[in-house]
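> Enclosed is the structure file target.pdb (PDB, C-alpha atoms, pLDDT in the B column).
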ATOM      1  CA  MET A   1      -3.361   2.325  -4.268  1.00 87.00           C
ATOM      2  CA  LYS A   2      -0.440   2.681  -1.887  1.00 88.00           C
ATOM      3  CA  PRO A   3       0.000   6.411  -1.252  1.00 89.00           C
ATOM      4  CA  SER A   4       3.293   8.015  -0.359  1.00 88.00           C
ATOM      5  CA  VAL A   5       4.303   7.127   3.186  1.00 86.00           C
ATOM      6  CA  GLY A   6       2.790   9.582   5.646  1.00 84.00           C
ATOM      7  CA  ILE A   7       0.065  10.907   3.321  1.00 86.00           C
ATOM      8  CA  VAL A   8      -2.818   8.900   4.842  1.00 88.00           C
ATOM      9  CA  PRO A   9      -2.739   8.695   8.670  1.00 86.00           C
ATOM     10  CA  LEU A  10      -2.406   5.235  10.217  1.00 82.00           C
ATOM     11  CA  THR A  11      -4.398   6.199  13.306  1.00 79.00           C
ATOM     12  CA  GLY A  12      -7.474   3.991  13.644  1.00 74.00           C
ATOM     13  CA  LEU A  13      -6.134   1.230  11.375  1.00 73.00           C
ATOM     14  CA  GLN A  14      -6.638  -2.151  13.050  1.00 69.00           C
ATOM     15  CA  PRO A  15      -5.258  -5.213  11.231  1.00 68.00           C
ATOM     16  CA  PRO A  16      -6.633  -8.623  12.279  1.00 67.00           C
ATOM     17  CA  GLY A  17      -5.504  -9.748  15.713  1.00 67.00           C
ATOM     18  CA  PRO A  18      -4.982  -7.966  19.009  1.00 66.00           C
ATOM     19  CA  PRO A  19      -4.343  -4.210  18.920  1.00 64.00           C
ATOM     20  CA  ALA A  20      -0.718  -3.377  18.225  1.00 62.00           C
ATOM     21  CA  PRO A  21       1.133  -1.049  20.587  1.00 63.00           C
ATOM     22  CA  PRO A  22       1.988   2.461  19.342  1.00 62.00           C
ATOM     23  CA  SER A  23       4.973   2.483  17.021  1.00 62.00           C
ATOM     24  CA  GLU A  24       7.185   5.184  15.609  1.00 63.00           C
ATOM     25  CA  MET A  25       8.554   2.781  12.977  1.00 67.00           C
ATOM     26  CA  THR A  26       6.232   3.904  10.180  1.00 75.00           C
ATOM     27  CA  TYR A  27       8.621   4.815   7.368  1.00 79.00           C
ATOM     28  CA  LEU A  28       7.475   1.833   5.268  1.00 81.00           C
ATOM     29  CA  SER A  29       3.842   1.746   6.404  1.00 82.00           C
ATOM     30  CA  ALA A  30       1.058   3.072   4.180  1.00 85.00           C
ATOM     31  CA  VAL A  31      -2.668   2.522   3.774  1.00 86.00           C
ATOM     32  CA  GLY A  32      -4.726   3.436   0.738  1.00 89.00           C
ATOM     33  CA  PRO A  33      -8.008   2.923  -1.099  1.00 89.00           C
ATOM     34  CA  LEU A  34      -9.323   0.342  -3.524  1.00 89.00           C
ATOM     35  CA  ALA A  35     -11.178   2.003  -6.379  1.00 88.00           C
ATOM     36  CA  ARG A  36     -12.645   1.522  -9.845  1.00 87.00           C
ATOM     37  CA  SER A  37     -10.980   4.492 -11.511  1.00 85.00           C
ATOM     38  CA  ALA A  38      -8.413   7.241 -11.124  1.00 84.00           C
ATOM     39  CA  ALA A  39     -11.249   9.662 -10.354  1.00 87.00           C
ATOM     40  CA  ASP A  40     -12.375   7.440  -7.467  1.00 91.00           C
ATOM     41  CA  LEU A  41      -8.809   7.277  -6.141  1.00 89.00           C
ATOM     42  CA  ARG A  42      -8.598  11.045  -6.271  1.00 88.00           C
ATOM     43  CA  THR A  43     -11.842  11.378  -4.300  1.00 91.00           C
ATOM     44  CA  ALA A  44     -10.742   8.803  -1.720  1.00 91.00           C
ATOM     45  CA  LEU A  45      -7.425  10.566  -1.157  1.00 89.00           C
ATOM     46  CA  ARG A  46      -9.114  13.923  -0.722  1.00 89.00           C
ATOM     47  CA  VAL A  47     -11.238  12.368   2.022  1.00 89.00           C
ATOM     48  CA  THR A  48      -8.615  10.284   3.839  1.00 89.00           C
ATOM     49  CA  ALA A  49      -5.286  12.029   3.311  1.00 89.00           C
ATOM     50  CA  GLY A  50      -3.813  14.740   5.469  1.00 88.00           C
ATOM     51  CA  LEU A  51      -1.545  15.356   8.412  1.00 85.00           C
ATOM     52  CA  GLU A  52      -2.129  14.505  12.057  1.00 83.00           C
ATOM     53  CA  ASP A  53      -1.155  16.388  15.169  1.00 84.00           C
ATOM     54  CA  PRO A  54       1.329  17.687  15.970  1.00 85.00           C
ATOM     55  CA  ALA A  55       2.366  18.233  12.318  1.00 83.00           C
ATOM     56  CA  ALA A  56      -1.140  19.413  11.392  1.00 85.00           C
ATOM     57  CA  LYS A  57      -0.713  22.408  13.693  1.00 88.00           C
ATOM     58  CA  ALA A  58       2.033  23.765  11.451  1.00 89.00           C
ATOM     59  CA  LEU A  59       1.504  22.220   8.010  1.00 85.00           C
ATOM     60  CA  SER A  60      -1.283  21.352   5.594  1.00 85.00           C
ATOM     61  CA  TRP A  61      -1.526  18.937   2.663  1.00 84.00           C
ATOM     62  CA  THR A  62      -3.524  19.074  -0.547  1.00 84.00           C
ATOM     63  CA  LEU A  63      -3.609  16.761  -3.564  1.00 82.00           C
ATOM     64  CA  PRO A  64      -1.870  18.548  -6.446  1.00 82.00           C
ATOM     65  CA  PRO A  65      -3.294  18.450  -9.977  1.00 83.00           C
ATOM     66  CA  PRO A  66      -1.864  16.070 -12.595  1.00 81.00           C
ATOM     67  CA  GLN A  67       1.350  17.263 -14.207  1.00 83.00           C
ATOM     68  CA  HIS A  68      -0.121  16.904 -17.695  1.00 87.00           C
ATOM     69  CA  ALA A  69      -3.606  16.839 -19.178  1.00 85.00           C
ATOM     70  CA  ARG A  70      -2.771  14.736 -22.246  1.00 89.00           C
ATOM     71  CA  LEU A  71      -1.240  11.279 -22.293  1.00 87.00           C
ATOM     72  CA  ARG A  72       1.157  12.236 -25.084  1.00 91.00           C
ATOM     73  CA  ASP A  73       2.809  14.764 -22.759  1.00 93.00           C
ATOM     74  CA  PHE A  74       3.833  12.145 -20.204  1.00 92.00           C
ATOM     75  CA  ARG A  75       7.305  10.626 -19.939  1.00 93.00           C
ATOM     76  CA  VAL A  76       6.856   6.984 -18.939  1.00 93.00           C
ATOM     77  CA  GLY A  77       9.663   4.872 -17.508  1.00 94.00           C
ATOM     78  CA  VAL A  78       9.270   1.153 -18.135  1.00 94.00           C
ATOM     79  CA  VAL A  79      10.746  -2.145 -16.954  1.00 94.00           C
ATOM     80  CA  LEU A  80       8.942  -5.137 -18.432  1.00 93.00           C
ATOM     81  CA  ASP A  81      10.962  -7.931 -16.830  1.00 94.00           C
ATOM     82  CA  ASP A  82      13.955  -8.680 -14.631  1.00 95.00           C
ATOM     83  CA  PRO A  83      15.968 -11.887 -14.266  1.00 95.00           C
ATOM     84  CA  HIS A  84      15.710 -11.715 -10.457  1.00 93.00           C
ATOM     85  CA  ALA A  85      11.927 -12.281 -10.683  1.00 92.00           C
ATOM     86  CA  SER A  86      11.209 -13.046 -14.321  1.00 93.00           C
ATOM     87  CA  VAL A  87       7.572 -12.665 -15.321  1.00 92.00           C
ATOM     88  CA  THR A  88       5.547 -15.412 -16.924  1.00 91.00           C
ATOM     89  CA  GLY A  89       4.824 -15.249 -20.623  1.00 89.00           C
ATOM     90  CA  GLU A  90       1.164 -14.320 -20.112  1.00 85.00           C
ATOM     91  CA  VAL A  91       2.073 -11.403 -17.844  1.00 87.00           C
ATOM     92  CA  GLY A  92       4.925 -10.218 -20.050  1.00 89.00           C
ATOM     93  CA  ALA A  93       2.750 -10.174 -23.174  1.00 88.00           C
ATOM     94  CA  VAL A  94      -0.053  -8.117 -21.624  1.00 87.00           C
ATOM     95  CA  VAL A  95       2.262  -5.618 -19.934  1.00 89.00           C
ATOM     96  CA  SER A  96       4.186  -5.211 -23.187  1.00 91.00           C
ATOM     97  CA  ASP A  97       0.912  -4.563 -25.028  1.00 89.00           C
ATOM     98  CA  ALA A  98      -0.021  -1.890 -22.484  1.00 89.00           C
ATOM     99  CA  VAL A  99       3.312  -0.114 -22.949  1.00 91.00           C
ATOM    100  CA  ASP A 100       2.908  -0.299 -26.727  1.00 93.00           C
ATOM    101  CA  ALA A 101      -0.534   1.318 -26.321  1.00 91.00           C
ATOM    102  CA  LEU A 102       1.030   4.139 -24.312  1.00 92.00           C
ATOM    103  CA  ALA A 103       3.600   4.699 -27.045  1.00 95.00           C
ATOM    104  CA  ARG A 104       0.906   4.717 -29.747  1.00 95.00           C
ATOM    105  CA  ALA A 105      -0.982   7.320 -27.703  1.00 93.00           C
ATOM    106  CA  GLY A 106       2.097   9.539 -27.927  1.00 95.00           C
ATOM    107  CA  ALA A 107       3.687   9.047 -24.507  1.00 94.00           C
ATOM    108  CA  SER A 108       7.491   9.101 -24.431  1.00 95.00           C
ATOM    109  CA  VAL A 109       8.719   5.696 -23.222  1.00 95.00           C
ATOM    110  CA  VAL A 110      12.040   5.363 -21.392  1.00 94.00           C
ATOM    111  CA  GLU A 111      13.201   1.801 -20.777  1.00 95.00           C
ATOM    112  CA  GLY A 112      15.348   0.540 -17.915  1.00 95.00           C
ATOM    113  CA  TRP A 113      15.844   0.901 -14.171  1.00 96.00           C
ATOM    114  CA  PRO A 114      16.801   4.334 -12.859  1.00 95.00           C
ATOM    115  CA  GLU A 115      20.472   5.146 -12.573  1.00 96.00           C
ATOM    116  CA  GLY A 116      21.674   4.152  -9.127  1.00 95.00           C
ATOM    117  CA  ILE A 117      19.016   1.473  -8.603  1.00 96.00           C
ATOM    118  CA  ASP A 118      20.233  -2.098  -8.278  1.00 96.00           C
ATOM    119  CA  PRO A 119      16.903  -3.986  -8.316  1.00 96.00           C
ATOM    120  CA  ALA A 120      18.248  -7.096  -6.568  1.00 95.00           C
ATOM    121  CA  GLN A 121      19.883  -5.033  -3.843  1.00 94.00           C
ATOM    122  CA  SER A 122      16.719  -2.988  -3.379  1.00 95.00           C
ATOM    123  CA  ALA A 123      14.638  -6.145  -2.988  1.00 94.00           C
ATOM    124  CA  GLU A 124      17.102  -7.488  -0.414  1.00 94.00           C
ATOM    125  CA  ALA A 125      17.075  -4.171   1.442  1.00 94.00           C
ATOM    126  CA  PHE A 126      13.279  -4.193   1.540  1.00 93.00           C
ATOM    127  CA  ALA A 127      13.252  -7.735   2.935  1.00 92.00           C
ATOM    128  CA  PHE A 128      15.666  -6.634   5.665  1.00 91.00           C
ATOM    129  CA  GLN A 129      13.485  -3.634   6.554  1.00 90.00           C
ATOM    130  CA  VAL A 130      10.401  -5.858   6.784  1.00 87.00           C
ATOM    131  CA  GLY A 131      12.278  -8.199   9.105  1.00 85.00           C
ATOM    132  CA  LEU A 132      13.442  -5.229  11.162  1.00 83.00           C
ATOM    133  CA  PHE A 133       9.861  -3.972  11.446  1.00 79.00           C
ATOM    134  CA  PHE A 134       8.565  -7.295  12.792  1.00 76.00           C
ATOM    135  CA  ALA A 135      11.522  -7.633  15.160  1.00 76.00           C
ATOM    136  CA  PHE A 136      10.722  -4.148  16.492  1.00 72.00           C
ATOM    137  CA  GLN A 137       6.998  -4.874  16.830  1.00 69.00           C
ATOM    138  CA  GLN A 138       7.103  -8.371  18.265  1.00 67.00           C
ATOM    139  CA  HIS A 139      10.057  -8.128  20.662  1.00 65.00           C
ATOM    140  CA  SER A 140      10.778 -11.794  20.057  1.00 61.00           C
ATOM    141  CA  GLY A 141      14.292 -11.650  21.477  1.00 63.00           C
ATOM    142  CA  GLU A 142      15.710 -13.255  18.344  1.00 67.00           C
ATOM    143  CA  GLU A 143      18.578 -11.349  16.762  1.00 69.00           C
ATOM    144  CA  LEU A 144      17.689 -10.297  13.221  1.00 71.00           C
ATOM    145  CA  ALA A 145      21.224  -9.215  12.337  1.00 75.00           C
ATOM    146  CA  PRO A 146      24.241  -7.673  14.053  1.00 79.00           C
ATOM    147  CA  LEU A 147      23.659  -4.046  14.993  1.00 78.00           C
ATOM    148  CA  SER A 148      26.513  -3.038  12.687  1.00 82.00           C
ATOM    149  CA  VAL A 149      24.418  -4.152   9.680  1.00 86.00           C
ATOM    150  CA  VAL A 150      21.540  -1.762  10.418  1.00 87.00           C
ATOM    151  CA  PRO A 151      23.318   1.497   9.438  1.00 89.00           C
ATOM    152  CA  GLU A 152      24.375   0.003   6.099  1.00 91.00           C
ATOM    153  CA  GLN A 153      20.811  -1.131   5.382  1.00 91.00           C
ATOM    154  CA  GLU A 154      19.522   2.306   6.280  1.00 91.00           C
ATOM    155  CA  ARG A 155      22.083   3.831   3.913  1.00 93.00           C
ATOM    156  CA  ARG A 156      20.754   1.590   1.130  1.00 93.00           C
ATOM    157  CA  ARG A 157      17.181   2.663   1.825  1.00 94.00           C
ATOM    158  CA  MET A 158      18.033   6.354   1.736  1.00 94.00           C
ATOM    159  CA  ALA A 159      20.195   5.885  -1.383  1.00 96.00           C
ATOM    160  CA  ALA A 160      17.232   4.257  -3.144  1.00 95.00           C
ATOM    161  CA  ARG A 161      15.003   7.184  -2.169  1.00 93.00           C
ATOM    162  CA  ALA A 162      17.542   9.637  -3.557  1.00 95.00           C
ATOM    163  CA  ALA A 163      17.945   7.695  -6.813  1.00 96.00           C
ATOM    164  CA  TRP A 164      14.184   7.584  -7.436  1.00 94.00           C
ATOM    165  CA  SER A 165      13.915  11.286  -6.605  1.00 93.00           C
ATOM    166  CA  ARG A 166      16.519  12.112  -9.254  1.00 94.00           C
ATOM    167  CA  TYR A 167      14.750   9.827 -11.719  1.00 94.00           C
ATOM    168  CA  PHE A 168      11.380  11.511 -11.247  1.00 92.00           C
ATOM    169  CA  ALA A 169      12.903  14.889 -11.970  1.00 91.00           C
ATOM    170  CA  GLU A 170      13.015  13.716 -15.599  1.00 92.00           C
ATOM    171  CA  VAL A 171      10.312  11.012 -15.789  1.00 93.00           C
ATOM    172  CA  ASP A 172       6.650  11.388 -14.812  1.00 91.00           C
ATOM    173  CA  VAL A 173       5.659   7.819 -14.029  1.00 90.00           C
ATOM    174  CA  PHE A 174       7.282   4.383 -13.828  1.00 92.00           C
ATOM    175  CA  VAL A 175       5.472   1.271 -15.084  1.00 91.00           C
ATOM    176  CA  CYS A 176       6.374  -2.325 -14.304  1.00 91.00           C
ATOM    177  CA  PRO A 177       4.600  -5.620 -13.481  1.00 90.00           C
ATOM    178  CA  ALA A 178       2.965  -5.801 -10.060  1.00 89.00           C
ATOM    179  CA  ASN A 179       3.843  -9.488  -9.762  1.00 90.00           C
ATOM    180  CA  PHE A 180       5.592 -12.110 -11.849  1.00 91.00           C
ATOM    181  CA  THR A 181       2.401 -14.105 -12.395  1.00 89.00           C
ATOM    182  CA  VAL A 182      -1.376 -13.800 -12.705  1.00 86.00           C
ATOM    183  CA  ALA A 183      -3.770 -14.375  -9.801  1.00 84.00           C
ATOM    184  CA  PHE A 184      -3.348 -17.861  -8.342  1.00 87.00           C
ATOM    185  CA  PRO A 185      -5.071 -20.207  -5.857  1.00 87.00           C
ATOM    186  CA  HIS A 186      -4.030 -19.901  -2.215  1.00 88.00           C
ATOM    187  CA  ASP A 187      -1.504 -22.422  -0.894  1.00 89.00           C
ATOM    188  CA  ALA A 188      -2.203 -23.158   2.789  1.00 91.00           C
ATOM    189  CA  ARG A 189       1.063 -24.953   3.493  1.00 93.00           C
ATOM    190  CA  PRO A 190       3.771 -23.361   5.687  1.00 92.00           C
ATOM    191  CA  PHE A 191       5.140 -20.294   3.917  1.00 87.00           C
ATOM    192  CA  ASP A 192       8.539 -21.761   3.009  1.00 88.00           C
ATOM    193  CA  GLU A 193       6.818 -24.729   1.348  1.00 93.00           C
ATOM    194  CA  ARG A 194       4.338 -22.733  -0.740  1.00 94.00           C
ATOM    195  CA  THR A 195       4.649 -22.668  -4.505  1.00 94.00           C
ATOM    196  CA  ILE A 196       2.856 -21.001  -7.406  1.00 92.00           C
ATOM    197  CA  ALA A 197       2.069 -22.968 -10.558  1.00 92.00           C
ATOM    198  CA  THR A 198       2.901 -21.067 -13.760  1.00 91.00           C
ATOM    199  CA  PRO A 199       3.041 -22.173 -17.420  1.00 89.00           C
ATOM    200  CA  GLU A 200       6.819 -22.162 -17.057  1.00 91.00           C
ATOM    201  CA  GLY A 201       6.818 -24.332 -13.911  1.00 93.00           C
ATOM    202  CA  LEU A 202       6.551 -23.997 -10.137  1.00 94.00           C
ATOM    203  CA  ARG A 203       7.793 -20.809  -8.494  1.00 94.00           C
ATOM    204  CA  PRO A 204       8.310 -20.146  -4.754  1.00 92.00           C
ATOM    205  CA  TYR A 205       6.069 -17.689  -2.926  1.00 90.00           C
ATOM    206  CA  ARG A 206       9.125 -15.701  -1.877  1.00 90.00           C
ATOM    207  CA  ASP A 207       9.604 -14.449  -5.461  1.00 91.00           C
ATOM    208  CA  GLN A 208       6.516 -12.210  -5.153  1.00 91.00           C
ATOM    209  CA  PRO A 209       7.779  -9.176  -3.178  1.00 91.00           C
ATOM    210  CA  PHE A 210      10.436  -8.304  -5.772  1.00 94.00           C
ATOM    211  CA  TRP A 211       8.188  -6.099  -7.903  1.00 93.00           C
ATOM    212  CA  SER A 212       6.513  -4.314  -4.987  1.00 91.00           C
ATOM    213  CA  ALA A 213       9.753  -3.822  -3.046  1.00 93.00           C
ATOM    214  CA  HIS A 214      10.959  -0.779  -4.986  1.00 93.00           C
ATOM    215  CA  ALA A 215       8.034   1.531  -4.260  1.00 92.00           C
ATOM    216  CA  SER A 216       7.827   0.310  -0.679  1.00 91.00           C
ATOM    217  CA  LEU A 217      11.524   0.706   0.122  1.00 93.00           C
ATOM    218  CA  ALA A 218      11.566   4.296  -1.119  1.00 92.00           C
ATOM    219  CA  GLY A 219       8.193   5.253   0.402  1.00 91.00           C
ATOM    220  CA  LEU A 220       6.761   6.021  -3.039  1.00 91.00           C
ATOM    221  CA  PRO A 221       3.118   5.800  -4.084  1.00 90.00           C
ATOM    222  CA  ALA A 222       2.067   2.910  -6.297  1.00 90.00           C
ATOM    223  CA  VAL A 223      -1.107   2.119  -8.198  1.00 88.00           C
ATOM    224  CA  VAL A 224      -1.929  -1.408  -9.348  1.00 87.00           C
ATOM    225  CA  VAL A 225      -4.145  -1.439 -12.440  1.00 84.00           C
ATOM    226  CA  PRO A 226      -5.734  -4.431 -14.235  1.00 82.00           C
ATOM    227  CA  ILE A 227      -4.726  -4.394 -17.885  1.00 81.00           C
ATOM    228  CA  GLY A 228      -5.899  -7.772 -19.181  1.00 72.00           C
ATOM    229  CA  ALA A 229      -8.769 -10.221 -18.950  1.00 64.00           C
ATOM    230  CA  PRO A 230      -8.423 -13.709 -17.427  1.00 53.00           C
ATOM    231  CA  PRO A 231      -7.371 -16.452 -19.854  1.00 53.00           C
ATOM    232  CA  ALA A 232     -10.263 -18.306 -21.471  1.00 47.00           C
ATOM    233  CA  GLY A 233     -11.810 -20.766 -19.029  1.00 42.00           C
ATOM    234  CA  SER A 234      -9.974 -19.331 -16.043  1.00 39.00           C
ATOM    235  CA  ARG A 235     -11.836 -18.584 -12.812  1.00 39.00           C
ATOM    236  CA  LEU A 236      -9.089 -16.303 -11.585  1.00 40.00           C
ATOM    237  CA  ALA A 237      -9.126 -12.539 -11.225  1.00 37.00           C
ATOM    238  CA  PRO A 238      -7.530 -10.139 -13.776  1.00 34.00           C
ATOM    239  CA  SER A 239      -4.521 -11.737 -15.318  1.00 34.00           C
ATOM    240  CA  SER A 240      -1.917  -9.028 -15.165  1.00 38.00           C
ATOM    241  CA  TRP A 241      -1.238  -5.599 -13.794  1.00 40.00           C
ATOM    242  CA  VAL A 242       1.094  -2.649 -14.004  1.00 48.00           C
ATOM    243  CA  ARG A 243       2.614  -0.742 -11.137  1.00 49.00           C
ATOM    244  CA  CYS A 244       2.833   3.045 -11.424  1.00 53.00           C
ATOM    245  CA  MET A 245       5.165   4.945  -9.148  1.00 55.00           C
ATOM    246  CA  ARG A 246       5.656   8.656  -8.709  1.00 50.00           C
ATOM    247  CA  THR A 247       7.015  10.982  -6.071  1.00 41.00           C
ATOM    248  CA  THR A 248       3.522  12.400  -5.456  1.00 39.00           C
ATOM    249  CA  PRO A 249       0.069  10.768  -5.595  1.00 34.00           C
ATOM    250  CA  ARG A 250      -0.730  12.464  -8.889  1.00 33.00           C
ATOM    251  CA  SER A 251       0.389   9.293 -10.677  1.00 32.00           C
ATOM    252  CA  ALA A 252      -3.223   8.170 -10.148  1.00 27.00           C
ATOM    253  CA  SER A 253      -4.066  10.207 -13.247  1.00 27.00           C
ATOM    254  CA  LEU A 254      -2.301   7.532 -15.289  1.00 30.00           C
ATOM    255  CA  SER A 255      -3.980   4.588 -13.639  1.00 32.00           C
ATOM    256  CA  CYS A 256      -6.537   4.102 -16.418  1.00 34.00           C
ATOM    257  CA  LEU A 257      -4.093   2.826 -19.007  1.00 31.00           C
ATOM    258  CA  PRO A 258      -5.213   1.903 -22.542  1.00 30.00           C
ATOM    259  CA  ARG A 259      -5.928  -1.783 -22.861  1.00 28.00           C
TER     260      ARG A 259
END
For this file, produce the structure as structure tokens.

Amino acid sequence: MKPSVGIVPLTGLQPPGPPAPPSEMTYLSAVGPLARSAADLRTALRVTAGLEDPAAKALSWTLPPPQHARLRDFRVGVVLDDPHASVTGEVGAVVSDAVDALARAGASVVEGWPEGIDPAQSAEAFAFQVGLFFAFQQHSGEELAPLSVVPEQERRRMAARAAWSRYFAEVDVFVCPANFTVAFPHDARPFDERTIATPEGLRPYRDQPFWSAHASLAGLPAVVVPIGAPPAGSRLAPSSWVRCMRTTPRSASLSCLPR
């Protein structure tokens, strides 16, 4: 689970490598738990989430209850595929089956991207923000982009946040693939040379961030849930996933989707 940005403190997190210097550029950074169920996620958030000083001196945070108690009361937004990062047939079939199961359980399904969200532009904006983060952290001296570009990219990020906020005033949860393909063997070549073998042919590694970019750009929570078994004879991990996004962490209550 990736909680909303700022919900789980980053203090004490140490990625591999030498300790990073303190940074105020945390508007895309989030850490969250791995768990077996929505109940486990809820417990983990209750333990790890909360504010740090100085905000903790004035504010407090608690995990709110789910918006609904029955699946049939949920309004579920859905995007099954997108031409900018088209999913493989095996992923598309399983995700489609999961959405059909939601509909059979009585959930209201709303198809399509939110109004005001250009998925390709959002993915590009996320890539820029990631590059900006590393430029800020590493002080490499290389110019990422002219300074005049930064305000426009920041406008795109804030516009995406506003569009998702409007969307979630009417929709409870958004479901889409977590990646365009199933789990795959690691490719140790230089990043730009790496490819992923799919039934439809080779795909570049750089296609992967498209589906995760939207929650990350807007600082939204996201839960990745296995919804299918590996193909027969495969040694790979679960074959496909859905990504659930909501403006608060209560979307975890939908993480156990019908198979």
> Quick check, in Å to one decimal: how far apart do CA of Leu51 (chain A) and CA of Ala35 (chain A) lie?
22.1 Å
> Expanded to explicit residues, what is the PyMOL selection byres ((chain A and resi 203) around 12) for this file, as a ChimeraX atom specification?
/A:85-88,180-181,184,192-202,204-208
> With the PyMOL selection byres ((chain A and resi 1) around 6) as the selection, what would be picked from this file? Answer as a PyMOL selection string, please.
chain A and resi 2+32-33+222-223
> May I have the residues from that selection written out with C-alpha atoms, as a short mmCIF file (atom, residue, chain, number, x, y, z; two decimals), keeping the file's coordinate frame?

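Everything below was put into out.cif:
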data_model
loop_
_atom_site.label_atom_id
_atom_site.label_comp_id
_atom_site.auth_asym_id
_atom_site.auth_seq_id
_atom_site.Cartn_x
_atom_site.Cartn_y
_atom_site.Cartn_z
CA LYS A 2 -0.44 2.68 -1.89
CA GLY A 32 -4.73 3.44 0.74
CA PRO A 33 -8.01 2.92 -1.10
CA ALA A 222 2.07 2.91 -6.30
CA VAL A 223 -1.11 2.12 -8.20
#
> How would you write, as a list in words, the residues chosen by the PyMOL selection byres ((chain A and resi 78) around 7) on this structure?
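Evaluating the PyMOL selection byres ((chain A and resi 78) around 7) on this file yields Val76, Gly77, Val79, Leu80, Val109, Val110, Glu111, Gly112, Phe174, Val175 and Cys176 of chain A.
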> What does the distance between CA of Phe210 (chain A) and CA of Ala123 (chain A) come to in Å, to one decimal place?
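Here the two named atoms are 5.5 Å from each other.
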> So which one's closest to Ile7 (chain A), A:Arg157, A:His68, A:His186, A:Arg46? Using all atoms listed in the file, please.
A:Arg46
> So which residues fall inside 12 Å of (21.6, -4.3, -6.6) if we count all atoms listed in the file? Mind giving them as a PyMOL selection string?
chain A and resi 82+84+113-126+156-157+159-160+210+214
> Which distance in Å separates CA of Ala49 (chain A) and CA of Pro9 (chain A), to one decimal?
6.8 Å
> Here is a test: counting all atoms listed in the file, which residue of A:Val173, A:Val95, A:Ala183, A:Val150 is nearest to Leu220 (chain A)?
A:Val173
> Check the smallest atom-to-atom distance from each of A:Leu34, A:Ala169, A:Leu217, A:Ala93 to Arg155 (chain A) using all atoms listed in the file, then report the winner.
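Using all atoms listed in the file, the shortest distance to Arg155 (chain A) belongs to A:Leu217.
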> Please identify all polymer residues within 12 Å of Val130 (chain A), counting only C-alpha atoms, omitting same-chain residues fewer than 5 positions from it, and present them as an mmCIF file with C-alpha atoms, in the coordinates of the input.

data_model
loop_
_atom_site.group_PDB
_atom_site.id
_atom_site.type_symbol
_atom_site.label_atom_id
_atom_site.label_comp_id
_atom_site.auth_asym_id
_atom_site.auth_seq_id
_atom_site.Cartn_x
_atom_site.Cartn_y
_atom_site.Cartn_z
ATOM 1 C CA MET A 25 8.554 2.781 12.977
ATOM 2 C CA THR A 26 6.232 3.904 10.180
ATOM 3 C CA TYR A 27 8.621 4.815 7.368
ATOM 4 C CA LEU A 28 7.475 1.833 5.268
ATOM 5 C CA SER A 29 3.842 1.746 6.404
ATOM 6 C CA ALA A 123 14.638 -6.145 -2.988
ATOM 7 C CA GLU A 124 17.102 -7.488 -0.414
ATOM 8 C CA ALA A 125 17.075 -4.171 1.442
ATOM 9 C CA ALA A 135 11.522 -7.633 15.160
ATOM 10 C CA PHE A 136 10.722 -4.148 16.492
ATOM 11 C CA GLN A 137 6.998 -4.874 16.830
ATOM 12 C CA LEU A 144 17.689 -10.297 13.221
ATOM 13 C CA GLN A 153 20.811 -1.131 5.382
ATOM 14 C CA ARG A 157 17.181 2.663 1.825
ATOM 15 C CA PRO A 209 7.779 -9.176 -3.178
ATOM 16 C CA ALA A 213 9.753 -3.822 -3.046
ATOM 17 C CA SER A 216 7.827 0.310 -0.679
ATOM 18 C CA LEU A 217 11.524 0.706 0.122
#
> Using all atoms listed in the file, collect all residues at a distance of at most 10 Å from (0.8, 7.6, -27.2) as written in the file, then present them as a VMD selection string.
chain A and resid 70 to 74 99 to 109 258
> Kindly indicate which residue among A:Val8, A:Ala98, A:Ala215, A:Ala188 lies nearest to Val31 (chain A), using all atoms listed in the file for the distances.
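With all atoms listed in the file as the atom set, the closest residue is A:Val8.
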